[in-house]
$ cat upload21.tsv   # TSV, C-alpha atoms and all ligand atoms
chain	number	residue	atom	x	y	z
G	1	MET	CA	-25.94	-11.24	15.57
G	2	GLY	CA	-27.22	-13.03	12.51
G	3	ALA	CA	-24.80	-14.77	10.23
G	4	LEU	CA	-24.78	-12.00	7.65
G	5	ALA	CA	-24.34	-9.25	10.22
G	6	LEU	CA	-21.58	-11.23	11.86
G	7	ALA	CA	-19.84	-11.73	8.54
G	8	ALA	CA	-20.01	-7.99	7.79
G	9	TYR	CA	-18.67	-7.20	11.24
G	10	ALA	CA	-15.84	-9.68	10.89
G	11	VAL	CA	-14.73	-8.03	7.64
G	12	ASN	CA	-15.40	-4.39	8.52
G	13	GLY	CA	-15.76	-4.00	12.28
G	14	ARG	CA	-13.01	-1.85	13.71
G	15	SER	CA	-12.70	-3.93	16.86
G	16	SER	CA	-13.40	-7.28	15.24
G	17	SER	CA	-10.76	-9.95	15.77
G	18	LEU	CA	-12.80	-12.77	14.29
G	19	LEU	CA	-10.78	-13.05	11.09
G	20	ALA	CA	-7.51	-11.71	12.46
G	21	PRO	CA	-6.51	-10.01	15.74
G	22	SER	CA	-6.15	-6.24	15.50
G	23	VAL	CA	-6.13	-2.97	17.41
G	24	TYR	CA	-7.77	0.23	16.22
G	25	ARG	CA	-6.80	2.81	18.84
G	26	GLY	CA	-4.84	3.37	22.02
G	27	PRO	CA	-6.31	4.18	25.44
G	28	ARG	CA	-8.68	7.15	25.59
G	29	GLY	CA	-7.91	10.01	27.95
G	30	VAL	CA	-4.19	10.01	27.25
G	31	PRO	CA	-2.52	13.04	25.61
G	32	ARG	CA	-1.12	10.90	22.80
G	33	TYR	CA	-2.10	9.78	19.29
G	34	ALA	CA	-0.47	8.02	16.34
G	35	LEU	CA	-0.03	9.17	12.75
G	36	THR	CA	0.12	6.35	10.21
G	37	PHE	CA	0.92	6.53	6.49
G	38	ASP	CA	-0.08	3.79	4.03
G	39	ASP	CA	0.92	2.74	0.50
G	40	GLY	CA	4.53	3.89	0.58
G	41	PRO	CA	7.34	4.11	0.17
G	42	SER	CA	6.98	6.57	-2.70
G	43	GLU	CA	9.23	9.17	-4.30
G	44	SER	CA	7.44	11.74	-2.10
G	45	THR	CA	8.15	9.98	1.19
G	46	PRO	CA	11.49	11.79	1.81
G	47	ARG	CA	9.68	15.16	1.80
G	48	LEU	CA	7.30	13.83	4.42
G	49	LEU	CA	10.23	12.53	6.49
G	50	ASP	CA	11.80	16.01	6.44
G	51	LEU	CA	8.53	17.55	7.57
G	52	LEU	CA	8.03	15.06	10.42
G	53	GLU	CA	11.62	15.54	11.58
G	54	SER	CA	11.23	19.32	11.66
G	55	HIS	CA	8.36	18.81	14.11
G	56	ASN	CA	10.09	16.04	16.05
G	57	VAL	CA	7.26	13.67	15.18
G	58	ARG	CA	7.64	9.91	14.75
G	59	ALA	CA	5.00	7.99	12.81
G	60	THR	CA	4.18	4.48	11.61
G	61	PHE	CA	4.42	3.64	7.90
G	62	PHE	CA	2.54	0.66	6.43
G	63	LEU	CA	4.59	-0.30	3.39
G	64	LEU	CA	3.55	-2.12	0.24
G	65	GLY	CA	5.88	-4.96	-0.74
G	66	ALA	CA	5.92	-3.93	-4.40
G	67	ASN	CA	6.87	-0.35	-3.49
G	68	VAL	CA	9.60	-1.52	-1.10
G	69	ARG	CA	11.04	-3.67	-3.88
G	70	ARG	CA	11.03	-0.56	-6.15
G	71	LEU	CA	12.39	1.88	-3.53
G	72	PRO	CA	14.26	-0.11	-0.85
G	73	GLY	CA	16.53	2.83	0.03
G	74	ILE	CA	13.54	4.99	0.95
G	75	ALA	CA	12.09	2.14	3.03
G	76	ARG	CA	15.37	1.98	4.95
G	77	ALA	CA	15.41	5.78	5.34
G	78	ILE	CA	12.02	5.64	7.08
G	79	VAL	CA	13.47	3.33	9.73
G	80	ALA	CA	16.80	5.17	9.93
G	81	ARG	CA	14.97	8.38	10.79
G	82	GLY	CA	13.26	6.81	13.78
G	83	HIS	CA	9.89	5.78	12.42
G	84	GLU	CA	8.08	2.48	12.73
G	85	VAL	CA	7.15	0.35	9.73
G	86	GLY	CA	4.51	-2.31	9.16
G	87	ASN	CA	3.29	-4.61	6.41
G	88	HIS	CA	0.48	-3.39	4.08
G	89	GLY	CA	0.51	-6.40	1.74
G	90	PHE	CA	2.36	-6.77	-1.52
G	91	LEU	CA	0.11	-5.61	-4.38
G	92	HIS	CA	-2.78	-3.83	-2.59
G	93	PRO	CA	-5.42	-6.15	-4.04
G	94	TYR	CA	-9.10	-6.35	-3.22
G	95	TYR	CA	-8.82	-9.52	-1.17
G	96	CYS	CA	-12.56	-10.13	-1.56
G	97	LEU	CA	-11.84	-11.25	-5.12
G	98	GLN	CA	-9.15	-13.68	-4.00
G	99	THR	CA	-8.87	-17.11	-2.43
G	100	PRO	CA	-7.62	-17.47	1.18
G	101	ARG	CA	-4.46	-18.98	-0.29
G	102	ALA	CA	-3.85	-15.85	-2.41
G	103	VAL	CA	-4.55	-13.53	0.54
G	104	TYR	CA	-2.06	-15.51	2.61
G	105	ALA	CA	0.57	-15.42	-0.15
G	106	ASP	CA	0.26	-11.64	-0.65
G	107	ILE	CA	0.90	-10.90	3.04
G	108	VAL	CA	3.77	-13.38	3.38
G	109	ALA	CA	5.42	-12.09	0.19
G	110	ALA	CA	5.31	-8.53	1.51
G	111	GLN	CA	6.76	-9.64	4.84
G	112	GLN	CA	9.64	-11.33	3.04
G	113	VAL	CA	10.44	-8.24	0.95
G	114	LEU	CA	10.31	-6.01	4.04
G	115	GLU	CA	12.60	-8.36	5.95
G	116	ASP	CA	15.08	-8.48	3.07
G	117	ALA	CA	15.12	-4.68	2.67
G	118	LEU	CA	15.12	-3.75	6.36
G	119	GLY	CA	16.95	-6.61	8.07
G	120	PHE	CA	14.21	-7.29	10.64
G	121	SER	CA	10.62	-8.55	10.77
G	122	PRO	CA	7.88	-5.94	11.12
G	123	TRP	CA	5.21	-6.87	13.71
G	124	LEU	CA	2.33	-4.65	12.56
G	125	TYR	CA	0.00	-5.22	9.61
G	126	ARG	CA	-2.63	-3.01	8.01
G	127	PRO	CA	-4.84	-4.79	5.48
G	128	PRO	CA	-5.51	-2.98	2.19
G	129	PHE	CA	-8.76	-1.00	2.52
G	130	GLY	CA	-8.89	-2.06	6.17
G	131	LEU	CA	-10.83	-5.20	5.26
G	132	ARG	CA	-10.25	-8.61	6.77
G	133	TRP	CA	-10.64	-11.88	4.88
G	134	PRO	CA	-10.07	-15.59	5.34
G	135	GLY	CA	-6.38	-16.34	4.90
G	136	MET	CA	-5.36	-13.19	6.76
G	137	ARG	CA	-5.37	-14.69	10.22
G	138	ALA	CA	-3.06	-17.55	9.24
G	139	ALA	CA	-0.66	-15.17	7.51
G	140	GLN	CA	-0.61	-12.80	10.49
G	141	GLN	CA	-0.03	-15.70	12.85
G	142	ASP	CA	2.77	-17.20	10.77
G	143	CYS	CA	4.46	-13.81	10.30
G	144	GLY	CA	3.80	-12.61	13.88
G	145	LEU	CA	1.72	-9.61	12.81
G	146	LEU	CA	-0.77	-7.61	14.87
G	147	GLY	CA	-3.46	-5.92	12.74
G	148	VAL	CA	-3.82	-2.13	13.00
G	149	GLN	CA	-7.02	-0.33	12.01
G	150	TRP	CA	-7.73	3.38	12.62
G	151	THR	CA	-10.17	5.84	14.18
G	152	VAL	CA	-9.57	8.94	12.01
G	153	MET	CA	-9.13	8.89	8.22
G	154	PRO	CA	-9.63	11.99	6.07
G	155	LYS	CA	-9.89	11.14	2.37
G	156	ASP	CA	-6.43	12.51	1.67
G	157	TRP	CA	-6.35	10.86	-1.77
G	158	LYS	CA	-9.30	13.04	-2.79
G	159	TRP	CA	-9.81	16.06	-0.51
G	160	SER	CA	-8.13	19.50	-0.61
G	161	PRO	CA	-5.31	20.20	1.86
G	162	GLN	CA	-7.64	22.54	3.73
G	163	GLN	CA	-10.31	19.87	4.12
G	164	ILE	CA	-7.78	17.28	5.27
G	165	ALA	CA	-6.14	19.64	7.79
G	166	GLN	CA	-9.49	20.75	9.16
G	167	HIS	CA	-10.61	17.14	9.59
G	168	LEU	CA	-7.40	16.31	11.47
G	169	THR	CA	-7.59	19.38	13.67
G	170	GLU	CA	-11.24	18.87	14.57
G	171	ARG	CA	-11.32	15.09	14.98
G	172	ILE	CA	-8.09	13.94	16.60
G	173	ARG	CA	-8.24	13.28	20.32
G	174	GLY	CA	-6.25	11.21	22.77
G	175	GLY	CA	-5.82	7.57	21.78
G	176	ASP	CA	-6.60	8.03	18.10
G	177	ILE	CA	-4.84	6.21	15.28
G	178	VAL	CA	-4.88	8.42	12.18
G	179	CYS	CA	-4.70	6.93	8.66
G	180	LEU	CA	-3.07	8.98	5.87
G	181	HIS	CA	-1.20	8.02	2.69
G	182	ASP	CA	2.34	8.79	1.44
G	183	GLY	CA	1.66	6.70	-1.67
G	184	ARG	CA	-1.28	5.90	-3.90
G	185	GLU	CA	-1.36	2.11	-4.06
G	186	LEU	CA	1.20	1.03	-6.70
G	187	ALA	CA	1.48	4.38	-8.52
G	188	VAL	CA	4.99	5.51	-9.48
G	189	ASN	CA	5.80	9.04	-8.35
G	190	PRO	CA	2.27	9.65	-6.99
G	191	ASP	CA	1.03	13.15	-6.23
G	192	VAL	CA	0.70	13.29	-2.44
G	193	ARG	CA	1.14	17.06	-2.11
G	194	ALA	CA	-2.31	17.47	-0.53
G	195	THR	CA	-1.38	15.05	2.25
G	196	ILE	CA	1.96	16.70	2.96
G	197	THR	CA	0.52	20.23	2.90
G	198	ALA	CA	-2.28	19.18	5.26
G	199	VAL	CA	0.08	17.43	7.69
G	200	ARG	CA	2.27	20.55	7.76
G	201	ALA	CA	-0.73	22.75	8.57
G	202	PHE	CA	-1.97	20.32	11.19
G	203	LEU	CA	1.42	20.00	12.91
G	204	LEU	CA	1.84	23.77	13.00
G	205	HIS	CA	-1.55	23.96	14.63
G	206	SER	CA	-1.04	21.05	16.99
G	207	ALA	CA	2.28	22.41	18.21
G	208	THR	CA	0.27	24.49	20.64
G	209	ARG	CA	-2.00	21.65	21.65
G	210	TRP	CA	-1.66	19.04	24.36
G	211	LEU	CA	-1.44	16.00	22.10
G	212	ARG	CA	1.84	14.26	21.35
G	213	ALA	CA	2.43	11.96	18.38
G	214	GLN	CA	3.77	8.45	18.99
G	215	THR	CA	4.27	5.30	16.97
G	216	VAL	CA	1.42	2.78	17.01
G	217	SER	CA	3.47	0.38	19.15
G	218	GLU	CA	4.06	3.08	21.73
G	219	LEU	CA	0.43	4.19	21.71
G	220	VAL	CA	-1.08	0.73	22.16
G	221	GLY	CA	1.55	-0.31	24.70
G	222	ILE	CA	3.62	-2.85	22.78
G	223	LEU	CA	6.72	-0.95	23.90
G	224	PRO	CA	8.94	-1.32	25.70
G	225	ASP	CA	8.84	-4.89	27.01
G	226	VAL	CA	8.07	-6.73	23.77
G	227	LEU	CA	10.55	-4.77	21.69
G	228	GLU	CA	13.38	-5.74	24.00
G	229	GLY	CA	13.16	-9.10	22.29
G	230	ASP	CA	11.52	-10.25	19.10
G	231	ALA	CA	8.14	-8.55	18.82
G	232	SER	CA	6.97	-10.82	16.03
G	233	ALA	CA	7.69	-13.90	18.12
G	234	SER	CA	5.75	-12.46	21.07
G	235	ILE	CA	2.77	-11.58	18.88
G	236	ARG	CA	2.85	-15.00	17.23
G	237	ALA	CA	2.78	-16.62	20.65
G	238	ALA	CA	-0.29	-14.58	21.60
G	239	TYR	CA	-2.45	-16.09	18.82
G	301	ZN	ZN	-3.56	1.19	1.20
$ encode --input "upload21.tsv" --output "structure tokens" --more "lines below"
Ligand SMILES: [Zn+2]
Amino acid sequence: MGALALAAYAVNGRSSSLLAPSVYRGPRGVPRYALTFDDGPSESTPRLLDLLESHNVRATFFLLGANVRRLPGIARAIVARGHEVGNHGFLHPYYCLQTPRAVYADIVAAQQVLEDALGFSPWLYRPPFGLRWPGMRAAQQDCGLLGVQWTVMPKDWKWSPQQIAQHLTERIRGGDIVCLHDGRELAVNPDVRATITAVRAFLLHSATRWLRAQTVSELVGILPDVLEGDASASIRAAY
């Protein structure tokens, strides 16, 4: 690859670990997938938690530090109801406009807020917009964070519930990591009704299907051995 192509791949490539180690799906051919929700917690997250519980589904939520600081009780409710949480940065910036030092500081600040609110260190990280930049690798290493990309992402911030549900129903297969949103970046009381309506329709449909939802850690095989101890420490040691 030429230097420019390599640079684009490092920033955008789903399987690229050049700027920071990450996973983007679980093994193919397994009857399992993972739902992930970014940009929360929001005032709408409890409705989503009720919906997931009614279908006995556990998901992974990538939380924004600023939103956790605003709604720490909802962040704790996500964990209390059996879901997994990860770091999604603090302010959801376009890192491309920032120095490596600022990228590093945004991730570490979010990790600190999550630790303070939850009482443990998350071990998963999803970069804003899925883009990787210099500064990210050092922050992930110091915080013990494994990057998580995705294989399926309907534009749930823009599409109708019908379009989102159809995309989910048609695209998801074994091993997929699905990216949805229970917040809208830093918006207060964001309108995420389209996402929730679509997830309800999809889960009603998928109840008859062979796929089972898991957390990202379960899907990619971090459980159970690593989680017996300190997952962040194990991931940090793997860098
Ligand atoms: Zn986001």
$ atom_distance --input "upload21.tsv" --atom1 "CA of Asp191 in chain G" --atom2 "CA of Trp150 in chain G"
23.0 Å
$ atom_distance --input "upload21.tsv" --atom1 "CA of Ala233 in chain G" --atom2 "CA of Ala34 in chain G"
23.5 Å
$ closest_atom_pairs --input "upload21.tsv" --of "chain G" --to "ligand ZN 301 (chain G)" --cutoff "7 Å" --atoms "only C-alpha atoms and all ligand atoms" --output "tab-separated table"
residue	atom	partner	partner_atom	distance
G:Asp38	CA	G:ZN301	ZN	5.2
G:Asp39	CA	G:ZN301	ZN	4.8
G:His88	CA	G:ZN301	ZN	6.8
G:His92	CA	G:ZN301	ZN	6.3
G:Pro128	CA	G:ZN301	ZN	4.7
G:Phe129	CA	G:ZN301	ZN	5.8
G:Glu185	CA	G:ZN301	ZN	5.8
$ residues_near_point --input "upload21.tsv" --point "(1.2, 17.3, -2.6)" --cutoff "12 Å" --atoms "only C-alpha atoms" --output "list in words"
Glu43, Ser44, Thr45, Arg47, Leu48, Asp156, Trp157, Lys158, Trp159, Ser160, Pro161, Ile164, His181, Asp182, Gly183, Arg184, Asn189, Pro190, Asp191, Val192, Arg193, Ala194, Thr195, Ile196, Thr197, Ala198, Val199 and Arg200 of chain G
$ atom_distance --input "upload21.tsv" --atom1 "CA of Gln149 in chain G" --atom2 "CA of Leu204 in chain G"
25.7 Å
$ closest_residue --input "upload21.tsv" --among "G:Pro41, G:Pro154, G:Pro27, G:Pro93" --to "Arg76 in chain G" --atoms "all atoms listed in the file"
G:Pro41
$ closest_residue --input "upload21.tsv" --among "G:Val30, G:Cys96, G:Met153, G:Val85" --to "Ser121 in chain G" --atoms "all atoms listed in the file"
G:Val85
$ closest_residue --input "upload21.tsv" --among "G:Val108, G:Leu118, G:Leu131, G:Leu180" --to "Gly73 in chain G" --atoms "all atoms listed in the file"
G:Leu118
$ residues_around --input "upload21.tsv" --residues "Gly147 in chain G" --least-positions-apart "6" --cutoff "6 Å" --atoms "all atoms listed in the file" --output "PyMOL selection string"
chain G and resi 21-22+124-126
$ build_atoms --input "upload21.tsv" --residues "range 142-153 of chain G" --atoms "all heavy atoms" --output "short mmCIF file (atom, residue, chain, number, x, y, z; two decimals), in the coordinates of the input"
data_model
loop_
_atom_site.label_atom_id
_atom_site.label_comp_id
_atom_site.auth_asym_id
_atom_site.auth_seq_id
_atom_site.Cartn_x
_atom_site.Cartn_y
_atom_site.Cartn_z
N ASP G 142 1.48 -16.65 11.21
CA ASP G 142 2.77 -17.20 10.77
C ASP G 142 3.86 -16.14 10.71
O ASP G 142 5.03 -16.42 10.93
CB ASP G 142 2.61 -17.89 9.41
CG ASP G 142 1.83 -19.19 9.51
OD1 ASP G 142 1.54 -19.62 10.64
OD2 ASP G 142 1.50 -19.77 8.46
N CYS G 143 3.47 -14.90 10.39
CA CYS G 143 4.46 -13.81 10.30
C CYS G 143 4.61 -13.06 11.63
O CYS G 143 5.50 -12.22 11.75
CB CYS G 143 4.04 -12.80 9.22
SG CYS G 143 4.05 -13.45 7.54
N GLY G 144 3.74 -13.33 12.61
CA GLY G 144 3.80 -12.61 13.88
C GLY G 144 3.35 -11.17 13.75
O GLY G 144 4.02 -10.25 14.23
N LEU G 145 2.18 -10.96 13.11
CA LEU G 145 1.72 -9.61 12.81
C LEU G 145 0.44 -9.29 13.58
O LEU G 145 -0.53 -10.05 13.54
CB LEU G 145 1.44 -9.47 11.31
CG LEU G 145 2.65 -9.54 10.39
CD1 LEU G 145 2.20 -9.72 8.94
CD2 LEU G 145 3.48 -8.26 10.52
N LEU G 146 0.44 -8.15 14.24
CA LEU G 146 -0.77 -7.61 14.87
C LEU G 146 -1.43 -6.65 13.89
O LEU G 146 -0.77 -5.74 13.35
CB LEU G 146 -0.40 -6.86 16.16
CG LEU G 146 -1.55 -6.14 16.86
CD1 LEU G 146 -2.54 -7.14 17.46
CD2 LEU G 146 -1.01 -5.22 17.96
N GLY G 147 -2.73 -6.81 13.64
CA GLY G 147 -3.46 -5.92 12.74
C GLY G 147 -3.66 -4.55 13.36
O GLY G 147 -3.83 -4.43 14.57
N VAL G 148 -3.62 -3.52 12.53
CA VAL G 148 -3.82 -2.13 13.00
C VAL G 148 -4.87 -1.45 12.13
O VAL G 148 -4.64 -1.26 10.92
CB VAL G 148 -2.51 -1.32 12.96
CG1 VAL G 148 -2.76 0.10 13.47
CG2 VAL G 148 -1.43 -2.00 13.79
N GLN G 149 -6.01 -1.11 12.72
CA GLN G 149 -7.02 -0.33 12.01
C GLN G 149 -6.84 1.15 12.39
O GLN G 149 -5.74 1.54 12.78
CB GLN G 149 -8.41 -0.85 12.37
CG GLN G 149 -8.59 -2.33 12.04
CD GLN G 149 -8.78 -2.59 10.56
OE1 GLN G 149 -9.24 -1.73 9.82
NE2 GLN G 149 -8.42 -3.78 10.10
N TRP G 150 -7.88 1.96 12.33
CA TRP G 150 -7.73 3.38 12.62
C TRP G 150 -9.03 3.95 13.15
O TRP G 150 -10.09 3.31 13.04
CB TRP G 150 -7.32 4.15 11.36
CG TRP G 150 -8.35 4.03 10.27
CD1 TRP G 150 -9.49 4.77 10.12
CD2 TRP G 150 -8.35 3.07 9.20
NE1 TRP G 150 -10.18 4.33 9.02
CE2 TRP G 150 -9.51 3.29 8.44
CE3 TRP G 150 -7.47 2.04 8.82
CZ2 TRP G 150 -9.84 2.53 7.31
CZ3 TRP G 150 -7.80 1.28 7.70
CH2 TRP G 150 -8.96 1.53 6.96
N THR G 151 -8.96 5.14 13.71
CA THR G 151 -10.17 5.84 14.18
C THR G 151 -10.43 7.11 13.39
O THR G 151 -11.55 7.61 13.40
CB THR G 151 -10.04 6.19 15.67
OG1 THR G 151 -8.76 6.78 15.90
CG2 THR G 151 -10.21 4.97 16.56
N VAL G 152 -9.40 7.69 12.76
CA VAL G 152 -9.57 8.94 12.01
C VAL G 152 -8.93 8.75 10.63
O VAL G 152 -7.76 8.38 10.54
CB VAL G 152 -8.89 10.13 12.73
CG1 VAL G 152 -8.98 11.40 11.88
CG2 VAL G 152 -9.54 10.35 14.10
N MET G 153 -9.71 8.99 9.55
CA MET G 153 -9.13 8.89 8.22
C MET G 153 -9.78 9.89 7.27
O MET G 153 -10.81 9.62 6.66
CB MET G 153 -9.27 7.48 7.62
CG MET G 153 -8.57 7.38 6.26
SD MET G 153 -8.47 5.71 5.57
CE MET G 153 -10.18 5.38 5.20
#
